[in-house]
>>> print(open('final-v8.cif').read())   # mmCIF, C-alpha atoms
data_my_file
#
loop_
_atom_site.label_atom_id
_atom_site.label_comp_id
_atom_site.auth_asym_id
_atom_site.auth_seq_id
_atom_site.Cartn_x
_atom_site.Cartn_y
_atom_site.Cartn_z
CA GLY Z 243 112.61 90.06 118.66
CA GLN Z 244 111.37 91.82 121.74
CA GLN Z 245 107.64 92.33 121.93
CA VAL Z 246 105.54 94.33 124.33
CA MET Z 247 101.93 93.25 124.62
CA GLN Z 248 99.15 95.11 126.38
CA ILE Z 249 95.77 93.95 127.55
CA PRO Z 250 93.00 94.71 127.22
CA GLN Z 251 92.92 96.37 123.81
CA TYR Z 252 89.80 98.34 124.72
CA GLN Z 253 88.06 99.16 127.97
CA HIS Z 254 84.78 100.99 128.47
CA VAL Z 255 83.98 101.99 132.04
CA GLN Z 256 81.37 104.06 133.78
CA GLU Z 257 82.68 107.25 135.29
CA GLY Z 258 83.79 106.49 138.82
CA GLU Z 259 84.78 102.90 138.10
CA ASP Z 260 88.36 101.71 138.26
CA PHE Z 261 90.51 100.78 135.26
CA THR Z 262 93.64 98.68 134.87
CA THR Z 263 95.86 97.99 131.88
CA TYR Z 264 98.63 95.42 131.82
CA CYS Z 265 101.87 95.35 129.89
CA ASN Z 266 103.87 92.16 129.34
CA SER Z 267 107.30 91.69 127.84
CA SER Z 268 108.97 88.58 126.52
CA THR Z 269 112.29 89.71 128.00
CA THR Z 270 113.49 91.27 131.25
CA LEU Z 271 113.39 95.03 131.06
CA SER Z 272 115.80 97.59 132.47
CA ASN Z 273 112.94 100.05 132.83
CA ILE Z 274 109.47 100.74 131.50
CA GLN Z 275 107.69 103.96 130.59
CA TRP Z 276 104.02 104.80 130.34
CA TYR Z 277 102.48 107.32 127.95
CA LYS Z 278 98.97 108.66 127.42
CA GLN Z 279 97.62 109.68 124.04
CA ARG Z 280 94.40 111.64 123.92
CA PRO Z 281 92.17 111.21 120.83
CA GLY Z 282 93.75 113.22 118.02
CA GLY Z 283 96.81 113.99 120.14
CA HIS Z 284 100.34 112.78 120.53
CA PRO Z 285 101.83 110.51 123.23
CA VAL Z 286 102.61 112.30 126.48
CA PHE Z 287 104.99 110.84 129.03
CA LEU Z 288 103.46 109.81 132.35
CA ILE Z 289 106.14 107.98 134.31
CA GLN Z 290 109.15 105.69 134.26
CA LEU Z 291 109.68 102.65 136.50
CA VAL Z 292 113.14 101.22 137.05
CA LYS Z 293 113.29 99.03 140.16
CA SER Z 294 111.91 95.53 140.58
CA GLY Z 295 108.55 95.66 142.36
CA GLU Z 296 108.47 99.46 142.19
CA VAL Z 297 105.15 101.20 142.79
CA LYS Z 298 104.60 104.86 141.97
CA LYS Z 299 101.48 106.98 142.37
CA GLN Z 300 100.29 110.10 140.61
CA LYS Z 301 97.03 111.22 142.18
CA ARG Z 302 94.51 108.58 140.99
CA LEU Z 303 97.07 106.69 138.88
CA THR Z 304 99.13 103.83 140.32
CA PHE Z 305 101.97 102.30 138.34
CA GLN Z 306 103.63 99.02 139.20
CA PHE Z 307 106.69 97.19 137.87
CA GLY Z 308 106.73 93.43 138.34
CA GLU Z 309 109.25 91.64 140.53
CA ALA Z 310 110.75 89.90 137.50
CA LYS Z 311 110.74 93.19 135.55
CA LYS Z 312 108.81 91.57 132.71
CA ASN Z 313 105.43 93.13 133.35
CA SER Z 314 103.87 96.35 134.48
CA SER Z 315 100.45 97.73 135.22
CA LEU Z 316 98.66 101.05 135.33
CA HIS Z 317 95.63 101.37 137.58
CA ILE Z 318 93.29 104.35 137.60
CA THR Z 319 90.99 104.76 140.59
CA ALA Z 320 87.58 106.37 140.12
CA THR Z 321 87.93 107.23 136.44
CA GLN Z 322 86.91 110.62 135.12
CA THR Z 323 86.03 111.71 131.60
CA THR Z 324 89.42 113.41 131.41
CA ASP Z 325 91.06 109.97 131.61
CA VAL Z 326 89.82 109.11 128.11
CA GLY Z 327 92.60 108.14 125.73
CA THR Z 328 94.99 105.36 124.84
CA TYR Z 329 97.60 104.27 127.36
CA PHE Z 330 100.86 102.85 126.06
CA CYS Z 331 103.73 101.21 127.81
CA ALA Z 332 107.16 101.53 126.20
CA ALA Z 333 110.22 99.44 126.89
CA PRO Z 334 113.82 99.97 125.84
CA HIS Z 335 115.33 97.61 123.34
CA SER Z 336 119.06 97.51 123.09
CA THR Z 337 120.93 96.61 119.94
CA SER Z 338 124.70 96.72 120.15
CA GLY Z 339 124.56 99.21 122.99
CA THR Z 340 122.19 101.62 121.34
CA TYR Z 341 118.68 102.10 122.69
CA LYS Z 342 115.26 102.57 121.21
CA TYR Z 343 111.89 102.36 122.88
CA ILE Z 344 109.36 99.81 121.67
CA PHE Z 345 105.76 100.76 122.30
CA GLY Z 346 103.07 98.37 123.35
CA THR Z 347 99.86 97.87 121.45
CA GLY Z 348 98.02 100.25 123.78
CA THR Z 349 94.79 100.12 125.75
CA ARG Z 350 92.06 102.48 124.62
CA LEU Z 351 89.99 103.74 127.53
CA LYS Z 352 86.53 105.18 127.11
CA VAL Z 353 84.77 106.65 130.13
CA LEU Z 354 80.99 106.88 130.02
CA ALA Z 355 79.51 109.78 131.98
CA ASP W 148 111.31 126.63 123.50
CA THR W 149 107.80 125.42 122.90
CA GLY W 150 108.57 121.74 122.49
CA VAL W 151 108.98 119.46 119.50
CA SER W 152 107.70 120.99 116.30
CA GLN W 153 106.75 119.07 113.16
CA ASN W 154 105.89 120.40 109.73
CA PRO W 155 103.70 120.07 107.87
CA ARG W 156 100.86 118.90 110.12
CA HIS W 157 99.04 117.33 107.19
CA LYS W 158 100.21 116.17 103.78
CA ILE W 159 98.14 114.72 100.97
CA THR W 160 100.11 113.36 98.07
CA LYS W 161 99.55 111.25 95.01
CA ARG W 162 100.98 107.78 94.86
CA GLY W 163 104.48 107.80 93.44
CA GLN W 164 105.36 111.29 94.62
CA ASN W 165 108.14 112.09 97.08
CA VAL W 166 107.42 113.78 100.40
CA THR W 167 109.64 115.30 103.06
CA PHE W 168 108.76 116.01 106.67
CA ARG W 169 110.65 118.19 109.11
CA CYS W 170 111.11 117.88 112.85
CA ASP W 171 112.58 120.51 115.15
CA PRO W 172 113.39 118.90 118.49
CA ILE W 173 113.77 120.56 121.86
CA SER W 174 117.06 122.39 121.51
CA GLU W 175 118.98 120.73 124.38
CA HIS W 176 118.00 117.21 123.34
CA ASN W 177 120.67 115.03 121.77
CA ARG W 178 118.40 112.16 120.73
CA LEU W 179 115.77 112.34 118.04
CA TYR W 180 113.36 109.57 117.10
CA TRP W 181 110.98 108.97 114.23
CA TYR W 182 107.94 106.76 114.73
CA ARG W 183 105.03 105.83 112.49
CA GLN W 184 101.55 105.31 113.87
CA THR W 185 98.51 103.90 112.12
CA LEU W 186 94.98 103.97 113.45
CA GLY W 187 94.53 101.83 116.53
CA GLN W 188 98.19 100.90 116.80
CA GLY W 189 101.06 102.01 118.98
CA PRO W 190 103.93 104.10 117.62
CA GLU W 191 106.20 101.94 115.47
CA PHE W 192 109.91 102.71 115.65
CA LEU W 193 111.48 103.87 112.38
CA THR W 194 114.88 105.33 113.19
CA TYR W 195 116.77 107.46 115.68
CA PHE W 196 119.70 109.83 115.91
CA GLN W 197 122.15 110.70 118.61
CA ASN W 198 123.29 114.19 117.64
CA GLU W 199 123.92 113.92 113.89
CA ALA W 200 124.62 110.18 113.86
CA GLN W 201 121.85 107.83 112.75
CA LEU W 202 122.28 104.96 115.20
CA GLU W 203 119.59 102.58 114.07
CA LYS W 204 117.07 102.11 111.33
CA SER W 205 114.17 99.70 111.53
CA ARG W 206 114.36 96.67 109.30
CA LEU W 207 110.74 97.38 108.47
CA LEU W 208 111.83 100.56 106.75
CA SER W 209 112.28 100.12 103.04
CA ASP W 210 114.92 101.85 100.98
CA ARG W 211 112.31 104.42 100.01
CA PHE W 212 112.64 105.95 103.47
CA SER W 213 115.58 108.09 104.46
CA ALA W 214 116.22 110.39 107.37
CA GLU W 215 118.84 112.98 108.08
CA ARG W 216 119.83 115.18 110.96
CA PRO W 217 122.46 117.57 109.69
CA LYS W 218 124.42 119.35 112.42
CA GLY W 219 122.50 117.46 115.06
CA SER W 220 119.63 119.91 115.11
CA PHE W 221 116.46 119.51 113.04
CA SER W 222 115.73 116.30 111.18
CA THR W 223 114.01 115.44 107.92
CA LEU W 224 112.26 112.24 106.92
CA GLU W 225 111.85 111.65 103.20
CA ILE W 226 109.66 109.04 101.59
CA GLN W 227 110.29 108.42 97.91
CA ARG W 228 107.75 106.96 95.49
CA THR W 229 105.00 106.97 98.09
CA GLU W 230 102.55 104.07 98.27
CA GLN W 231 99.08 103.95 99.80
CA GLY W 232 100.46 101.81 102.59
CA ASP W 233 102.63 104.74 103.67
CA SER W 234 99.54 106.61 104.84
CA ALA W 235 99.99 107.11 108.57
CA MET W 236 100.86 109.61 111.28
CA TYR W 237 104.60 110.23 111.41
CA LEU W 238 105.72 111.21 114.89
CA CYS W 239 108.98 112.77 115.92
CA ALA W 240 110.24 112.69 119.49
CA SER W 241 113.35 113.95 121.25
CA SER W 242 115.05 113.28 124.54
CA TYR W 243 118.24 113.89 126.44
CA LEU W 244 121.28 111.74 125.82
CA ASN W 245 120.54 109.34 128.66
CA PRO W 246 118.42 106.64 127.02
CA SER W 247 116.37 106.21 130.15
CA THR W 248 114.68 109.56 129.99
CA GLU W 249 111.28 110.56 128.78
CA ALA W 250 110.66 111.31 125.15
CA PHE W 251 108.80 114.46 124.14
CA PHE W 252 106.65 113.96 121.08
CA GLY W 253 105.66 116.44 118.43
CA GLN W 254 102.12 116.78 117.11
CA GLY W 255 102.98 114.58 114.15
CA THR W 256 102.56 114.83 110.40
CA ARG W 257 99.57 113.01 108.99
CA LEU W 258 100.33 111.63 105.54
CA THR W 259 97.58 110.56 103.18
CA VAL W 260 98.60 108.91 99.93
CA VAL W 261 95.85 108.89 97.32
#
>>> encode(input="final-v8.cif", output="structure tokens")
Amino acid sequence: GQQVMQIPQYQHVQEGEDFTTYCNSSTTLSNIQWYKQRPGGHPVFLIQLVKSGEVKKQKRLTFQFGEAKKNSSLHITATQTTDVGTYFCAAPHSTSGTYKYIFGTGTRLKVLA
Amino acid sequence: DTGVSQNPRHKITKRGQNVTFRCDPISEHNRLYWYRQTLGQGPEFLTYFQNEAQLEKSRLLSDRFSAERPKGSFSTLEIQRTEQGDSAMYLCASSYLNPSTEAFFGQGTRLTVV
């Protein structure tokens, strides 16, 4: 079945350093979503990418969808302590025309002040 | 509307007991999802509804799990004869009908089976 893998599993950075997490799928995706989950919180939607090679920015966050639509990345420039949390990608999986989103394994980010 | 609401927030139960969780989605949302999340893992899909119809149920879900969404509004997730392995955070999410739209998650119900 479809799997969505993320690397790295954990990342500790000094405040001000950059951070990148990668999401890889075994199949071509129609779109991909990114969520952030703060410690003790619930996943919160960040963005959705649809087009091949698409790049979207939200302030210090840059999201990219691969040309083959099988991988995606999230890059944070100059991390801040407020960036702490786990970042998940989520990809749609279609079964007989119905859709569900499969979440990746997540990358837990810790920012050291 | 204040978002997706889940009750209770925490539930401690003895092994073998039945538990039921409730989810109230955002009122305009047609789709409702249930996920299970254990420590250090991503949300694991359990089942989802489009209005009142249950469209898919994970093969990982045993017969002890059942979900309903009467009238296409709130949903309940019941676990019968709970086992220690059922201990997890149960998350509910809702979205508009278009499958390519963001999902709004509730705060979750944390189940501990002792």
>>> residues_around(input="final-v8.cif", residues="segment 248-253 of chain W", least_positions_apart="6", cutoff="8 Å", atoms="all atoms listed in the file", output="PDB file with C-alpha atoms, in the coordinates of the input")
ATOM      1  CA  GLN Z 275     107.690 103.960 130.590  1.00  0.00           C
ATOM      2  CA  HIS Z 284     100.340 112.780 120.530  1.00  0.00           C
ATOM      3  CA  PRO Z 285     101.830 110.510 123.230  1.00  0.00           C
ATOM      4  CA  VAL Z 286     102.610 112.300 126.480  1.00  0.00           C
ATOM      5  CA  PHE Z 287     104.990 110.840 129.030  1.00  0.00           C
ATOM      6  CA  ILE Z 289     106.140 107.980 134.310  1.00  0.00           C
ATOM      7  CA  GLN Z 290     109.150 105.690 134.260  1.00  0.00           C
TER       8      GLN Z 290
ATOM      9  CA  GLY W 150     108.570 121.740 122.490  1.00  0.00           C
ATOM     10  CA  VAL W 151     108.980 119.460 119.500  1.00  0.00           C
ATOM     11  CA  SER W 152     107.700 120.990 116.300  1.00  0.00           C
ATOM     12  CA  GLN W 153     106.750 119.070 113.160  1.00  0.00           C
ATOM     13  CA  CYS W 170     111.110 117.880 112.850  1.00  0.00           C
ATOM     14  CA  LEU W 238     105.720 111.210 114.890  1.00  0.00           C
ATOM     15  CA  CYS W 239     108.980 112.770 115.920  1.00  0.00           C
ATOM     16  CA  ALA W 240     110.240 112.690 119.490  1.00  0.00           C
ATOM     17  CA  SER W 241     113.350 113.950 121.250  1.00  0.00           C
ATOM     18  CA  SER W 242     115.050 113.280 124.540  1.00  0.00           C
TER      19      SER W 242
END
>>> closest_atom_pairs(input="final-v8.cif", of="chain W", to="chain Z", cutoff="6 Å", atoms="all atoms listed in the file", output="Markdown table")
| residue | atom | partner | partner_atom | distance |
| --- | --- | --- | --- | --- |
| W:Gln188 | CA | Z:Thr347 | CA | 5.8 |
| W:Gly189 | CA | Z:Thr347 | CA | 5.0 |
| W:Gln254 | CA | Z:His284 | CA | 5.6 |
>>> resolve_selection(input="final-v8.cif", expression="the PyMOL selection byres ((chain Z and resi 270) around 7)", output="PyMOL selection string")
chain Z and resi 269+271-272+310-312
>>> write_last_selection(input="final-v8.cif", atoms="C-alpha atoms", output="CSV table (one decimal), keeping the file's coordinate frame")
chain,number,residue,atom,x,y,z
Z,269,THR,CA,112.3,89.7,128.0
Z,271,LEU,CA,113.4,95.0,131.1
Z,272,SER,CA,115.8,97.6,132.5
Z,310,ALA,CA,110.8,89.9,137.5
Z,311,LYS,CA,110.7,93.2,135.6
Z,312,LYS,CA,108.8,91.6,132.7
>>> residues_around(input="final-v8.cif", residues="Val353 of chain Z", least_positions_apart="4", cutoff="7 Å", atoms="only C-alpha atoms", output="PyMOL selection string")
chain Z and resi 254-257+322-323+326
>>> write_last_selection(input="final-v8.cif", atoms="C-alpha atoms", output="CSV table (one decimal), in the coordinates of the input")
chain,number,residue,atom,x,y,z
Z,254,HIS,CA,84.8,101.0,128.5
Z,255,VAL,CA,84.0,102.0,132.0
Z,256,GLN,CA,81.4,104.1,133.8
Z,257,GLU,CA,82.7,107.2,135.3
Z,322,GLN,CA,86.9,110.6,135.1
Z,323,THR,CA,86.0,111.7,131.6
Z,326,VAL,CA,89.8,109.1,128.1
>>> residues_around(input="final-v8.cif", residues="Gly219 of chain W", least_positions_apart="6", cutoff="12 Å", atoms="all atoms listed in the file", output="list in words")
Cys170, Asp171, Pro172, Ile173, Ser174, Glu175, His176, Asn177, Arg178, Leu179, Tyr195, Phe196, Gln197, Asn198, Glu199, Ala200, Gln201 and Ser241 of chain W
>>> residues_around(input="final-v8.cif", residues="Tyr182 of chain W", least_positions_apart="5", cutoff="6 Å", atoms="all atoms listed in the file", output="MDAnalysis selection string")
chainID W and resid 190:193 237:238
>>> write_last_selection(input="final-v8.cif", atoms="C-alpha atoms", output="CSV table (one decimal), keeping the file's coordinate frame")
chain,number,residue,atom,x,y,z
W,190,PRO,CA,103.9,104.1,117.6
W,191,GLU,CA,106.2,101.9,115.5
W,192,PHE,CA,109.9,102.7,115.6
W,193,LEU,CA,111.5,103.9,112.4
W,237,TYR,CA,104.6,110.2,111.4
W,238,LEU,CA,105.7,111.2,114.9
>>> resolve_selection(input="final-v8.cif", expression="the PyMOL selection byres ((chain Z and resi 301) around 12)", output="list in words")
Leu288, Lys298, Lys299, Gln300, Arg302, Leu303, Thr304, Phe305, His317, Ile318, Thr319, Ala320 and Thr321 of chain Z
>>> atom_distance(input="final-v8.cif", atom1="atom CA of Gln231 of chain W", atom2="atom CA of Phe168 of chain W")
16.9 Å
>>> closest_residue(input="final-v8.cif", among="W:Arg228, W:Thr256, W:His157, W:Tyr180", to="Leu202 of chain W", atoms="all atoms listed in the file")
W:Tyr180
